[in-house]
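Read the structure below first, then the notes.
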Amino acid sequence: MPAPPKSAVFHQPPDPGQAATLDDIVEQLRLLKVWAGNPSYEVIKDRINAAWARTGRPAVELTRKTTVVDCFRPGRRRLNTDLVVAIVEALHPDVGYVSQWRQALRIIGGEATAASQVRVHDQLPHDLADFTGRTGELDRLRAALRRRISTGMVGVIEGMAGIGKTRLAVRAARLLAAERPFDHVLFVNLRGFHPDPAQPPVDPGAVLDGFLRLLGVPAHQIPHALPDRAAAYRRRVAGTRALVVLDDAADADQVRPLLAEVPDCVTLITSRRRLAPLPPGVRLRLDVFTPDEAVAYLADAVPGTPAGTDPQATARIARLCGHLPLALGLVAAHIRSRPGWTLTDHADRLAERHRNRRLDTGVELALDLSYRRLPSSHRRTLRLIALHPGQDLDWYAAAALADVSLPTARAHLNELHRDHVVQSAAPGRYALHDVLRAYALNQAGDEDPPPVRRTALTRLFDYYLGTAAAAMDVLHPAEAHRRPRISAPTTPVPGLPDAGTARAWLDAERDTLVAVAVHTTAQGWPHHAMRLSATLFRYLNGGYYSEALIVHGRARDAARDLADVAGQATALTNLGAACVQTGRFEQATDHLEQALKLYRQLDDDTGQARVLTNLGVIEARLGRYRQAARRHDAALAGYRQAGDLTGEARALGNLGFAEARLGDHLNAAERYAQARDLCRRTGDRTGEASMLGNLGDVELQLERYDAAREHIEQARSFYQERGDRDGEAWTLTSLGVLETRLGRPGPAIDHHRQALEVFRRAGARDGETYALNGLGEAAEAYDSLAHHGAALDIAAEIGAADQQARAHAGLGRAWHRLGDADQARHHYGAALALYGQLGMPQAEDIRTQLETIAAEGTASS
């Protein structure tokens with residue numbers, strides 16, 4: 001299809017990624033039509049039908065003009081995704097651009113939320129001790145990989161479910177690693193064929209996000225666009241020995257962005273489909289065991305079991321299982337559980353069941369046989385854990401689903417694992433093979449009435465919500481009044497005696513909590529979704545921003561469906577705060593202004609104050625400190641009106657920050673001291689540490705160095721006790737500035753370097769700019785140029801105007817010391833302009849420096 005003419009009005013086609021609602025999508029589609037020269041709907045319809053006809057679509061399925069027109073009308077509750085994509089292709093047939101629209105439509109439709117949830121690993125799964133057979137395939141795979149590893153090898157293992165693809169890939173990978181260790185090992189289940197519709201194939205962009213984090217890339221340095229993430233991934237593994245296993249791929253499109261294709265990087269892929277076309281490599285089409293391999297497998301799996309009267313009993317068992325590895329493993333577990341039976345007995349029993357139940361495949365026979373021999377309690381547990389919306393679960397989740405004691409749940413899962421019915425995902429965590437999950441879900445549908453299944457899931461969601469609330473009460477007790485009051489679950493819960501265990505539980509269950517938020521919104525538990533969002537806000541706001549966008553977005557949808565005004569306001573505020581952290585200031589402002597209107601309808605002073613606080617943070621991030629101060633001043637009044645001491649302390653701290661940036665250090669110090677005292681009254685230790693650090697910073701500016709050191713060290717000690725590396729890093733930057741002021745560059749550089757390492761690991765870009773500028777101020781002139789230059793690049797990227805000005809000022813000083821007056825004037829001039837725009841007092845010092853350079857020039861002439 002030829003590219004349509006482009007309107008001169010727009011240089012670039014509209015970005016569908018900016019859309020947050022169906023009406024936004026429609027508006028972007030209308031803009032695209034204008035950008036493409038505003039062709040008539042008749043022309044668009046003809047282009048679509050011509051393209052569809054070329055693909056063989058029958059005439060009865062072609063579209064009509066009225067159907068196309070409908071896609072451009074706002075107020076729609078749903079859109080025909082295929083037709084919208086076809087319209088986009090008709091208007092701008094660029095493959096990458098069309099992919100952006102597909103992704104945007106998935107997000108608006110809610111499909112991408114589940115697809116973005118993935119658990120990546122930096123180690124291989126356990127190798128099974130009873131691995132047998134596959135000698136030829138294993139030798140061929142290893143030989144091919146060894147021959148071509150220097151070119152970046154791709155190995156693909158294809159075959160039906162239960163054929164042993166993953167086991168072969170893991171065994172081959174472990175053998176390769178034993179020959180010569182890899183620098184990086186990455187493993188991910190791409191969930192290509194999961195039986196649960198709520199667990200669609202994983203978005204490759206989410207996989208790359210996880211891989212890059214494991215490879216040490218800070219979160220804020222991970223690009224958003226899929227091609228950019230793929231390029232960053234290739235750069236990261238280039239020059240290293242890397243082993244990547246992509247398990248259960250859906251298709252070539254899912255896999256292609258995940259291929260590094262660099263020397264010394266081995267990528268092993270498993271899939272039920274033929275993945276073509278992919279880069280040339282070794283491709284194995286895995287079939288069932290040969291009869292001899294199947295017999296050998298059983299001989300190894302059930303040693304010592306007597307043959308009985310039929311010497312060919314083992315071969316009969318293997319044949320009845322269809323020589324399928326999964327079926328053979330299940331049957332072997334059954335044989336081991338019947339010590340009084342001979343192999344002939346088992347073969348006869350399998351034949352009988354096959355005749356009576358007329359099961360068509362070996363895996364169906366093995367599944368049914370394994371299931372029927374389980375005790376009724378274990379069968380029930382299996383059916384119920386198949387309902388779990390996450391990728392894996394622990395003993396507590398199983399106890400909640402089955403409504404049993406923790407020892408009983410542990411025993412059931414251990415016995416199901418021993419019998420090869422569930423898999424070990426990690427110590428104390430279990431998962432189901434997707435074939436087994438599908439079978440168990442079918443059994444649940446047949447044996448457990450809908451009310452029974454709903455009750456089990458309600459217990460599960462109560463467990464996650466209740467335990468999350470308990471963890472948050474341990475971590476952030478001073479904000480307990482802001483969170484919904486959650487009743488304690490009726491099922492067993494883990495002990496969370498301190499902040500370390502509370503955070504560890506939240507970290508371990510984070511992916512599951514997001515899956516629960518998605519499931520509860522879509523499947524009829526809207527109040528759970530809303531309460532989970534409100535409960536997890538502070539935790540997710542501490543660096544898990546993509547998860548926060550999903551959880552709070554779902555809570556907003558749930559509240560909207562319920563017409564719950566208060567719930568909408570809370571979710572919109574949380575969603576706005578998440579957008580602030582990801583630099584989406586326009587979207588954040590939109591969400592927050594919607595929330596503010598709702599809070600005003602409710603006459604909710606605390607809610608309004610929360611919104612004003614976040615709007616003030618946006619103003620400060622953009623360097624508009626006077627506007628920020630006005631927002632925080634209004635928030636302070638709201639918190640005081642509501643009697644919210646925790647909120648009042650935070651507003652005072654934010655107001656002090658804005659005043660300090662504007663040069664009013666005495667007033668800022670008073671605000672910080674008031675906030676510190678309030679934090680002590682409410683028991684907000686985290687807030688107290690933050691205020692102590694802020695006090696130290698302002699005392700630095702007032703040249704009260706002893707007091708500054710005392711407050712900063714107090715804050716640092718608190719952060720160290722809590723294991724809060726991010727908070728400690730900020731105190732290290734303050735100590736670095738203090739040492740520079742005292743003329744001790746060695747300790748200053750050491751402090752800033754420690755802080756920089758933490759900020760980079762956490763992805764805190766603003767923190768990086770502070771540490772780099774601090775290094776520049778402490779270093780020699782030439783080193784100073786490099787540090788300030790790096791700080792300037794990052795500050796410009798994230799829009800941190802004050803740190804841009806600081807970097808320019810530092811570059812001006814460095815060039816002045818090096819005798820380059822022109823460069824010094826250039827950077828001082830840029831710093832002066834920025835400080836002047838921000839209304840910051842540093843502008844006067846820069847003017848003095850420029851006057852000095854001018855005077856030196858006059859003297860030399």
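So you can find residues: chains in the structure tokens are A, B, ... in the order shown, residues in each start at 1, and ligands are numbered from 1 in order.
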
Using only C-alpha atoms, which residues sit within 12 Å of Leu382 of chain A once same-chain residues fewer than 5 positions away are excluded, as an mmCIF file with all heavy atoms, in the first residue's frame?
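Resulting contents of out28.cif:
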```cif
data_model
loop_
_atom_site.group_PDB
_atom_site.id
_atom_site.type_symbol
_atom_site.label_atom_id
_atom_site.label_comp_id
_atom_site.auth_asym_id
_atom_site.auth_seq_id
_atom_site.Cartn_x
_atom_site.Cartn_y
_atom_site.Cartn_z
ATOM 1 N N SER A 370 -3.429 -39.779 37.724
ATOM 2 C CA SER A 370 -2.770 -39.119 38.846
ATOM 3 C C SER A 370 -3.787 -38.410 39.725
ATOM 4 O O SER A 370 -3.700 -38.447 40.958
ATOM 5 C CB SER A 370 -1.738 -38.111 38.335
ATOM 6 O OG SER A 370 -0.723 -38.771 37.619
ATOM 7 N N TYR A 371 -4.741 -37.766 39.092
ATOM 8 C CA TYR A 371 -5.741 -37.020 39.851
ATOM 9 C C TYR A 371 -6.621 -37.964 40.670
ATOM 10 O O TYR A 371 -6.861 -37.737 41.856
ATOM 11 C CB TYR A 371 -6.592 -36.187 38.893
ATOM 12 C CG TYR A 371 -7.699 -35.414 39.571
ATOM 13 C CD1 TYR A 371 -7.417 -34.276 40.316
ATOM 14 C CD2 TYR A 371 -9.026 -35.822 39.470
ATOM 15 C CE1 TYR A 371 -8.421 -33.563 40.942
ATOM 16 C CE2 TYR A 371 -10.039 -35.112 40.086
ATOM 17 C CZ TYR A 371 -9.733 -33.981 40.825
ATOM 18 O OH TYR A 371 -10.732 -33.287 41.455
ATOM 19 N N ARG A 372 -7.104 -39.040 40.056
ATOM 20 C CA ARG A 372 -8.050 -39.926 40.739
ATOM 21 C C ARG A 372 -7.401 -40.662 41.915
ATOM 22 O O ARG A 372 -8.097 -41.006 42.869
ATOM 23 C CB ARG A 372 -8.618 -40.948 39.753
ATOM 24 C CG ARG A 372 -9.420 -40.349 38.623
ATOM 25 C CD ARG A 372 -10.628 -39.598 39.120
ATOM 26 N NE ARG A 372 -11.223 -38.790 38.050
ATOM 27 C CZ ARG A 372 -12.142 -37.857 38.259
ATOM 28 N NH1 ARG A 372 -12.527 -37.589 39.501
ATOM 29 N NH2 ARG A 372 -12.623 -37.160 37.256
ATOM 30 N N LEU A 374 -5.236 -39.393 43.960
ATOM 31 C CA LEU A 374 -4.963 -38.497 45.079
ATOM 32 C C LEU A 374 -6.072 -38.596 46.124
ATOM 33 O O LEU A 374 -7.237 -38.808 45.789
ATOM 34 C CB LEU A 374 -4.885 -37.045 44.588
ATOM 35 C CG LEU A 374 -3.720 -36.661 43.670
ATOM 36 C CD1 LEU A 374 -3.929 -35.252 43.131
ATOM 37 C CD2 LEU A 374 -2.391 -36.749 44.416
ATOM 38 N N PRO A 375 -5.743 -38.413 47.397
ATOM 39 C CA PRO A 375 -6.803 -38.300 48.411
ATOM 40 C C PRO A 375 -7.733 -37.147 48.062
ATOM 41 O O PRO A 375 -7.334 -36.177 47.412
ATOM 42 C CB PRO A 375 -6.034 -38.026 49.707
ATOM 43 C CG PRO A 375 -4.636 -38.477 49.434
ATOM 44 C CD PRO A 375 -4.394 -38.269 47.969
ATOM 45 N N SER A 376 -8.977 -37.223 48.480
ATOM 46 C CA SER A 376 -9.956 -36.194 48.127
ATOM 47 C C SER A 376 -9.504 -34.807 48.578
ATOM 48 O O SER A 376 -9.742 -33.801 47.889
ATOM 49 C CB SER A 376 -11.312 -36.532 48.737
ATOM 50 O OG SER A 376 -11.217 -36.592 50.156
ATOM 51 N N SER A 377 -8.838 -34.730 49.733
ATOM 52 C CA SER A 377 -8.370 -33.435 50.225
ATOM 53 C C SER A 377 -7.311 -32.841 49.298
ATOM 54 O O SER A 377 -7.294 -31.632 49.050
ATOM 55 C CB SER A 377 -7.807 -33.579 51.636
ATOM 56 O OG SER A 377 -6.726 -34.515 51.648
ATOM 57 N N LEU A 387 -7.008 -21.980 40.629
ATOM 58 C CA LEU A 387 -7.743 -20.724 40.496
ATOM 59 C C LEU A 387 -6.866 -19.505 40.745
ATOM 60 O O LEU A 387 -7.237 -18.384 40.412
ATOM 61 C CB LEU A 387 -8.913 -20.688 41.487
ATOM 62 C CG LEU A 387 -9.946 -21.817 41.424
ATOM 63 C CD1 LEU A 387 -10.928 -21.685 42.576
ATOM 64 C CD2 LEU A 387 -10.676 -21.802 40.089
ATOM 65 N N HIS A 388 -5.701 -19.706 41.359
ATOM 66 C CA HIS A 388 -4.836 -18.589 41.765
ATOM 67 C C HIS A 388 -4.453 -17.746 40.547
ATOM 68 O O HIS A 388 -4.005 -18.284 39.530
ATOM 69 C CB HIS A 388 -3.581 -19.148 42.436
ATOM 70 C CG HIS A 388 -2.758 -18.120 43.138
ATOM 71 N ND1 HIS A 388 -1.913 -17.270 42.476
ATOM 72 C CD2 HIS A 388 -2.655 -17.799 44.454
ATOM 73 C CE1 HIS A 388 -1.309 -16.475 43.352
ATOM 74 N NE2 HIS A 388 -1.745 -16.780 44.555
ATOM 75 N N ALA A 398 -2.064 -21.161 49.639
ATOM 76 C CA ALA A 398 -2.755 -22.442 49.503
ATOM 77 C C ALA A 398 -3.688 -22.675 50.687
ATOM 78 O O ALA A 398 -4.815 -23.171 50.528
ATOM 79 C CB ALA A 398 -1.743 -23.574 49.392
ATOM 80 N N ALA A 399 -3.245 -22.310 51.891
ATOM 81 C CA ALA A 399 -4.093 -22.465 53.073
ATOM 82 C C ALA A 399 -5.341 -21.598 52.959
ATOM 83 O O ALA A 399 -6.436 -22.009 53.363
ATOM 84 C CB ALA A 399 -3.313 -22.093 54.334
ATOM 85 N N LEU A 401 -6.818 -20.555 50.101
ATOM 86 C CA LEU A 401 -7.708 -21.114 49.080
ATOM 87 C C LEU A 401 -8.464 -22.332 49.591
ATOM 88 O O LEU A 401 -9.674 -22.476 49.374
ATOM 89 C CB LEU A 401 -6.893 -21.477 47.832
ATOM 90 C CG LEU A 401 -6.505 -20.314 46.915
ATOM 91 C CD1 LEU A 401 -5.376 -20.723 45.984
ATOM 92 C CD2 LEU A 401 -7.721 -19.848 46.103
ATOM 93 N N ALA A 402 -7.752 -23.229 50.259
ATOM 94 C CA ALA A 402 -8.354 -24.488 50.700
ATOM 95 C C ALA A 402 -8.999 -24.385 52.076
ATOM 96 O O ALA A 402 -9.676 -25.325 52.501
ATOM 97 C CB ALA A 402 -7.296 -25.592 50.697
ATOM 98 N N ALA A 409 -1.667 -27.314 54.549
ATOM 99 C CA ALA A 409 -1.364 -26.764 53.222
ATOM 100 C C ALA A 409 0.048 -27.135 52.791
ATOM 101 O O ALA A 409 0.292 -27.513 51.641
ATOM 102 C CB ALA A 409 -1.526 -25.245 53.233
ATOM 103 N N HIS A 412 0.106 -30.810 51.836
ATOM 104 C CA HIS A 412 -0.534 -31.045 50.537
ATOM 105 C C HIS A 412 0.380 -30.639 49.387
ATOM 106 O O HIS A 412 0.548 -31.379 48.402
ATOM 107 C CB HIS A 412 -1.846 -30.267 50.462
ATOM 108 C CG HIS A 412 -2.944 -30.856 51.288
ATOM 109 N ND1 HIS A 412 -4.237 -30.392 51.258
ATOM 110 C CD2 HIS A 412 -2.958 -31.890 52.175
ATOM 111 C CE1 HIS A 412 -4.991 -31.100 52.087
ATOM 112 N NE2 HIS A 412 -4.231 -32.006 52.654
ATOM 113 N N LEU A 413 0.968 -29.447 49.495
ATOM 114 C CA LEU A 413 1.820 -28.983 48.403
ATOM 115 C C LEU A 413 3.073 -29.847 48.267
ATOM 116 O O LEU A 413 3.507 -30.157 47.145
ATOM 117 C CB LEU A 413 2.211 -27.524 48.634
ATOM 118 C CG LEU A 413 1.106 -26.489 48.373
ATOM 119 C CD1 LEU A 413 1.556 -25.099 48.788
ATOM 120 C CD2 LEU A 413 0.710 -26.476 46.900
ATOM 121 N N ASN A 414 3.664 -30.217 49.384
ATOM 122 C CA ASN A 414 4.857 -31.067 49.320
ATOM 123 C C ASN A 414 4.545 -32.420 48.689
ATOM 124 O O ASN A 414 5.330 -32.958 47.899
ATOM 125 C CB ASN A 414 5.449 -31.259 50.714
ATOM 126 C CG ASN A 414 6.155 -30.003 51.213
ATOM 127 O OD1 ASN A 414 6.537 -29.145 50.423
ATOM 128 N ND2 ASN A 414 6.307 -29.891 52.520
ATOM 129 N N GLU A 415 3.382 -32.982 49.041
ATOM 130 C CA GLU A 415 3.018 -34.283 48.471
ATOM 131 C C GLU A 415 2.659 -34.159 46.997
ATOM 132 O O GLU A 415 2.990 -35.034 46.180
ATOM 133 C CB GLU A 415 1.858 -34.877 49.273
ATOM 134 C CG GLU A 415 2.303 -35.352 50.661
ATOM 135 C CD GLU A 415 1.138 -35.520 51.628
ATOM 136 O OE1 GLU A 415 -0.016 -35.643 51.145
ATOM 137 O OE2 GLU A 415 1.377 -35.518 52.848
ATOM 138 N N LEU A 416 1.989 -33.070 46.613
ATOM 139 C CA LEU A 416 1.688 -32.847 45.195
ATOM 140 C C LEU A 416 2.980 -32.642 44.409
ATOM 141 O O LEU A 416 3.099 -33.078 43.256
ATOM 142 C CB LEU A 416 0.769 -31.642 45.038
ATOM 143 C CG LEU A 416 -0.674 -31.822 45.522
ATOM 144 C CD1 LEU A 416 -1.407 -30.486 45.546
ATOM 145 C CD2 LEU A 416 -1.422 -32.819 44.634
ATOM 146 N N HIS A 417 3.960 -31.997 45.030
ATOM 147 C CA HIS A 417 5.252 -31.816 44.368
ATOM 148 C C HIS A 417 5.989 -33.147 44.244
ATOM 149 O O HIS A 417 6.586 -33.452 43.199
ATOM 150 C CB HIS A 417 6.099 -30.817 45.154
ATOM 151 C CG HIS A 417 7.467 -30.615 44.589
ATOM 152 N ND1 HIS A 417 8.615 -31.067 45.198
ATOM 153 C CD2 HIS A 417 7.876 -30.024 43.439
ATOM 154 C CE1 HIS A 417 9.668 -30.758 44.467
ATOM 155 N NE2 HIS A 417 9.254 -30.118 43.394
ATOM 156 N N VAL A 421 2.931 -33.343 40.471
ATOM 157 C CA VAL A 421 1.706 -32.648 40.085
ATOM 158 C C VAL A 421 1.919 -31.138 40.114
ATOM 159 O O VAL A 421 1.409 -30.414 39.254
ATOM 160 C CB VAL A 421 0.532 -33.052 41.009
ATOM 161 C CG1 VAL A 421 -0.734 -32.278 40.649
ATOM 162 C CG2 VAL A 421 0.284 -34.550 40.904
ATOM 163 N N VAL A 422 2.658 -30.624 41.104
ATOM 164 C CA VAL A 422 3.037 -29.212 41.107
ATOM 165 C C VAL A 422 4.547 -29.124 40.997
ATOM 166 O O VAL A 422 5.264 -30.074 41.310
ATOM 167 C CB VAL A 422 2.546 -28.471 42.377
ATOM 168 C CG1 VAL A 422 1.046 -28.546 42.509
ATOM 169 C CG2 VAL A 422 3.233 -29.007 43.629
ATOM 170 N N TYR A 430 5.340 -22.639 44.761
ATOM 171 C CA TYR A 430 4.952 -23.717 43.857
ATOM 172 C C TYR A 430 4.179 -23.152 42.673
ATOM 173 O O TYR A 430 3.501 -22.125 42.778
ATOM 174 C CB TYR A 430 4.086 -24.740 44.594
ATOM 175 C CG TYR A 430 4.791 -25.375 45.773
ATOM 176 C CD1 TYR A 430 4.768 -24.763 47.022
ATOM 177 C CD2 TYR A 430 5.505 -26.559 45.640
ATOM 178 C CE1 TYR A 430 5.437 -25.312 48.114
ATOM 179 C CE2 TYR A 430 6.173 -27.123 46.714
ATOM 180 C CZ TYR A 430 6.134 -26.491 47.939
ATOM 181 O OH TYR A 430 6.801 -27.039 49.012
ATOM 182 N N ALA A 431 4.281 -23.869 41.552
ATOM 183 C CA ALA A 431 3.571 -23.481 40.337
ATOM 184 C C ALA A 431 3.019 -24.733 39.671
ATOM 185 O O ALA A 431 3.461 -25.852 39.955
ATOM 186 C CB ALA A 431 4.510 -22.736 39.379
ATOM 187 N N LEU A 432 2.062 -24.529 38.775
ATOM 188 C CA LEU A 432 1.463 -25.624 38.019
ATOM 189 C C LEU A 432 1.906 -25.554 36.565
ATOM 190 O O LEU A 432 1.907 -24.465 35.969
ATOM 191 C CB LEU A 432 -0.066 -25.541 38.066
ATOM 192 C CG LEU A 432 -0.776 -26.059 39.315
ATOM 193 C CD1 LEU A 432 -2.249 -25.663 39.272
ATOM 194 C CD2 LEU A 432 -0.649 -27.562 39.418
ATOM 195 N N HIS A 433 2.286 -26.698 35.997
ATOM 196 C CA HIS A 433 2.472 -26.776 34.549
ATOM 197 C C HIS A 433 1.150 -26.373 33.900
ATOM 198 O O HIS A 433 0.075 -26.702 34.394
ATOM 199 C CB HIS A 433 2.854 -28.212 34.163
ATOM 200 C CG HIS A 433 3.274 -28.356 32.733
ATOM 201 N ND1 HIS A 433 2.376 -28.302 31.691
ATOM 202 C CD2 HIS A 433 4.481 -28.576 32.157
ATOM 203 C CE1 HIS A 433 3.013 -28.484 30.541
ATOM 204 N NE2 HIS A 433 4.308 -28.646 30.809
ATOM 205 N N LEU A 436 -1.362 -29.094 33.384
ATOM 206 C CA LEU A 436 -1.988 -29.521 34.627
ATOM 207 C C LEU A 436 -2.959 -28.465 35.150
ATOM 208 O O LEU A 436 -4.023 -28.790 35.703
ATOM 209 C CB LEU A 436 -0.915 -29.800 35.681
ATOM 210 C CG LEU A 436 -0.260 -31.191 35.564
ATOM 211 C CD1 LEU A 436 1.087 -31.194 36.242
ATOM 212 C CD2 LEU A 436 -1.156 -32.254 36.171
ATOM 213 N N ARG A 437 -2.614 -27.203 34.976
ATOM 214 C CA ARG A 437 -3.524 -26.144 35.418
ATOM 215 C C ARG A 437 -4.835 -26.213 34.626
ATOM 216 O O ARG A 437 -5.924 -26.097 35.204
ATOM 217 C CB ARG A 437 -2.884 -24.760 35.238
ATOM 218 C CG ARG A 437 -3.791 -23.620 35.717
ATOM 219 C CD ARG A 437 -3.203 -22.269 35.353
ATOM 220 N NE ARG A 437 -2.036 -21.966 36.137
ATOM 221 C CZ ARG A 437 -2.076 -21.333 37.303
ATOM 222 N NH1 ARG A 437 -3.226 -20.950 37.820
ATOM 223 N NH2 ARG A 437 -0.963 -21.071 37.952
ATOM 224 N N ALA A 438 -4.715 -26.387 33.317
ATOM 225 C CA ALA A 438 -5.926 -26.474 32.505
ATOM 226 C C ALA A 438 -6.785 -27.656 32.943
ATOM 227 O O ALA A 438 -8.016 -27.548 33.056
ATOM 228 C CB ALA A 438 -5.554 -26.595 31.032
ATOM 229 N N TYR A 439 -6.148 -28.787 33.196
ATOM 230 C CA TYR A 439 -6.889 -29.972 33.650
ATOM 231 C C TYR A 439 -7.555 -29.689 34.991
ATOM 232 O O TYR A 439 -8.745 -29.982 35.193
ATOM 233 C CB TYR A 439 -5.938 -31.159 33.778
ATOM 234 C CG TYR A 439 -6.604 -32.414 34.316
ATOM 235 C CD1 TYR A 439 -7.244 -33.292 33.466
ATOM 236 C CD2 TYR A 439 -6.590 -32.691 35.684
ATOM 237 C CE1 TYR A 439 -7.875 -34.426 33.966
ATOM 238 C CE2 TYR A 439 -7.207 -33.820 36.187
ATOM 239 C CZ TYR A 439 -7.844 -34.692 35.325
ATOM 240 O OH TYR A 439 -8.477 -35.809 35.815
ATOM 241 N N ALA A 440 -6.808 -29.094 35.941
ATOM 242 C CA ALA A 440 -7.359 -28.826 37.273
ATOM 243 C C ALA A 440 -8.482 -27.801 37.211
ATOM 244 O O ALA A 440 -9.472 -27.901 37.951
ATOM 245 C CB ALA A 440 -6.250 -28.348 38.203
ATOM 246 N N LEU A 441 -8.363 -26.813 36.341
ATOM 247 C CA LEU A 441 -9.443 -25.837 36.187
ATOM 248 C C LEU A 441 -10.707 -26.503 35.656
ATOM 249 O O LEU A 441 -11.823 -26.183 36.084
ATOM 250 C CB LEU A 441 -9.008 -24.708 35.256
ATOM 251 C CG LEU A 441 -8.032 -23.681 35.840
ATOM 252 C CD1 LEU A 441 -7.514 -22.753 34.751
ATOM 253 C CD2 LEU A 441 -8.701 -22.864 36.937
ATOM 254 N N ASN A 442 -10.537 -27.421 34.714
ATOM 255 C CA ASN A 442 -11.700 -28.159 34.208
ATOM 256 C C ASN A 442 -12.348 -28.968 35.321
ATOM 257 O O ASN A 442 -13.582 -29.027 35.445
ATOM 258 C CB ASN A 442 -11.287 -29.067 33.054
ATOM 259 C CG ASN A 442 -11.013 -28.300 31.780
ATOM 260 O OD1 ASN A 442 -11.541 -27.215 31.587
ATOM 261 N ND2 ASN A 442 -10.172 -28.852 30.916
ATOM 262 N N GLN A 443 -11.527 -29.611 36.128
ATOM 263 C CA GLN A 443 -12.064 -30.392 37.242
ATOM 264 C C GLN A 443 -12.770 -29.483 38.243
ATOM 265 O O GLN A 443 -13.825 -29.839 38.785
ATOM 266 C CB GLN A 443 -10.939 -31.166 37.938
ATOM 267 C CG GLN A 443 -10.282 -32.228 37.073
ATOM 268 C CD GLN A 443 -11.282 -33.272 36.577
ATOM 269 O OE1 GLN A 443 -12.163 -33.695 37.307
ATOM 270 N NE2 GLN A 443 -11.130 -33.674 35.325
ATOM 271 N N ALA A 444 -12.216 -28.308 38.493
ATOM 272 C CA ALA A 444 -12.866 -27.369 39.410
ATOM 273 C C ALA A 444 -14.232 -26.955 38.877
ATOM 274 O O ALA A 444 -15.211 -26.857 39.634
ATOM 275 C CB ALA A 444 -11.983 -26.140 39.616
ATOM 276 N N GLU A 447 -16.532 -30.034 39.485
ATOM 277 C CA GLU A 447 -16.758 -30.543 40.838
ATOM 278 C C GLU A 447 -17.081 -29.486 41.879
ATOM 279 O O GLU A 447 -17.668 -29.805 42.926
ATOM 280 C CB GLU A 447 -15.524 -31.337 41.293
ATOM 281 C CG GLU A 447 -15.191 -32.532 40.405
ATOM 282 C CD GLU A 447 -14.005 -33.322 40.919
ATOM 283 O OE1 GLU A 447 -13.911 -33.514 42.148
ATOM 284 O OE2 GLU A 447 -13.158 -33.726 40.094
ATOM 285 N N ASP A 448 -16.673 -28.233 41.663
ATOM 286 C CA ASP A 448 -16.885 -27.189 42.661
ATOM 287 C C ASP A 448 -17.883 -26.171 42.129
ATOM 288 O O ASP A 448 -17.603 -25.496 41.134
ATOM 289 C CB ASP A 448 -15.560 -26.483 42.991
ATOM 290 C CG ASP A 448 -14.515 -27.442 43.529
ATOM 291 O OD1 ASP A 448 -14.864 -28.252 44.401
ATOM 292 O OD2 ASP A 448 -13.358 -27.373 43.061
#
```

Hey, which bits of segment 149-195 of chain A sit within 7 Å of segment 229-241 of chain A, and for each residue what's the closest pair of atoms and how far apart in Å (one decimal), counting only C-alpha atoms, rows by chain and increasing number, as a Markdown table?
```
| residue | atom | partner | partner_atom | distance |
| --- | --- | --- | --- | --- |
| A:Phe182 | CA | A:Arg241 | CA | 5.0 |
| A:Asp183 | CA | A:Arg241 | CA | 5.1 |
| A:His184 | CA | A:Arg241 | CA | 6.5 |
```

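A straight line drawn from atom CA of Ala831 of chain A to atom CA of Gln221 of chain A is 25.6 Å long.
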
Next item on the list: Name all residues at most 10 Å from Thr290 of chain A (count only C-alpha atoms; drop same-chain ones fewer than 6 positions away) and give them as a VMD selection string.
Entry: chain A and resid 133 to 134 296 318 to 319 322 to 324

Check: Excluding same-chain residues fewer than 2 positions from Ala790 of chain A, what lies within 10 Å of it counting only C-alpha atoms, as a VMD selection string?
Finding: chain A and resid 768 to 769 772 to 773 776 784 to 788 792 to 795 807

Margin query: List as a PyMOL selection string the protein and nucleic acid residues near Asp228 of chain A, meaning an atom at most 10 Å away when only C-alpha atoms are counted, but skip any in the same chain fewer than 6 places from it.
Written below: chain A and resi 205+222+234+257

Next item on the list: Would you list the contacts of Tyr545 of chain A as number ranges by chain, taking every protein, DNA or RNA residue within 7 Å and counting only C-alpha atoms, but skipping same-chain residues closer than 3 positions in sequence?
Entry: A: 540-541, 548-549, 578, 582

Notebook entry, point to check: Which is closest to Trp52 of chain A among A:Leu186, A:Leu83, A:Leu838, A:Ala502, if we use only C-alpha atoms?
Noted result: A:Leu83

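Closest approach to Asp604 of chain A among A:Tyr705, A:Tyr639, A:Phe585, A:Tyr672: A:Tyr639, based on only C-alpha atoms.
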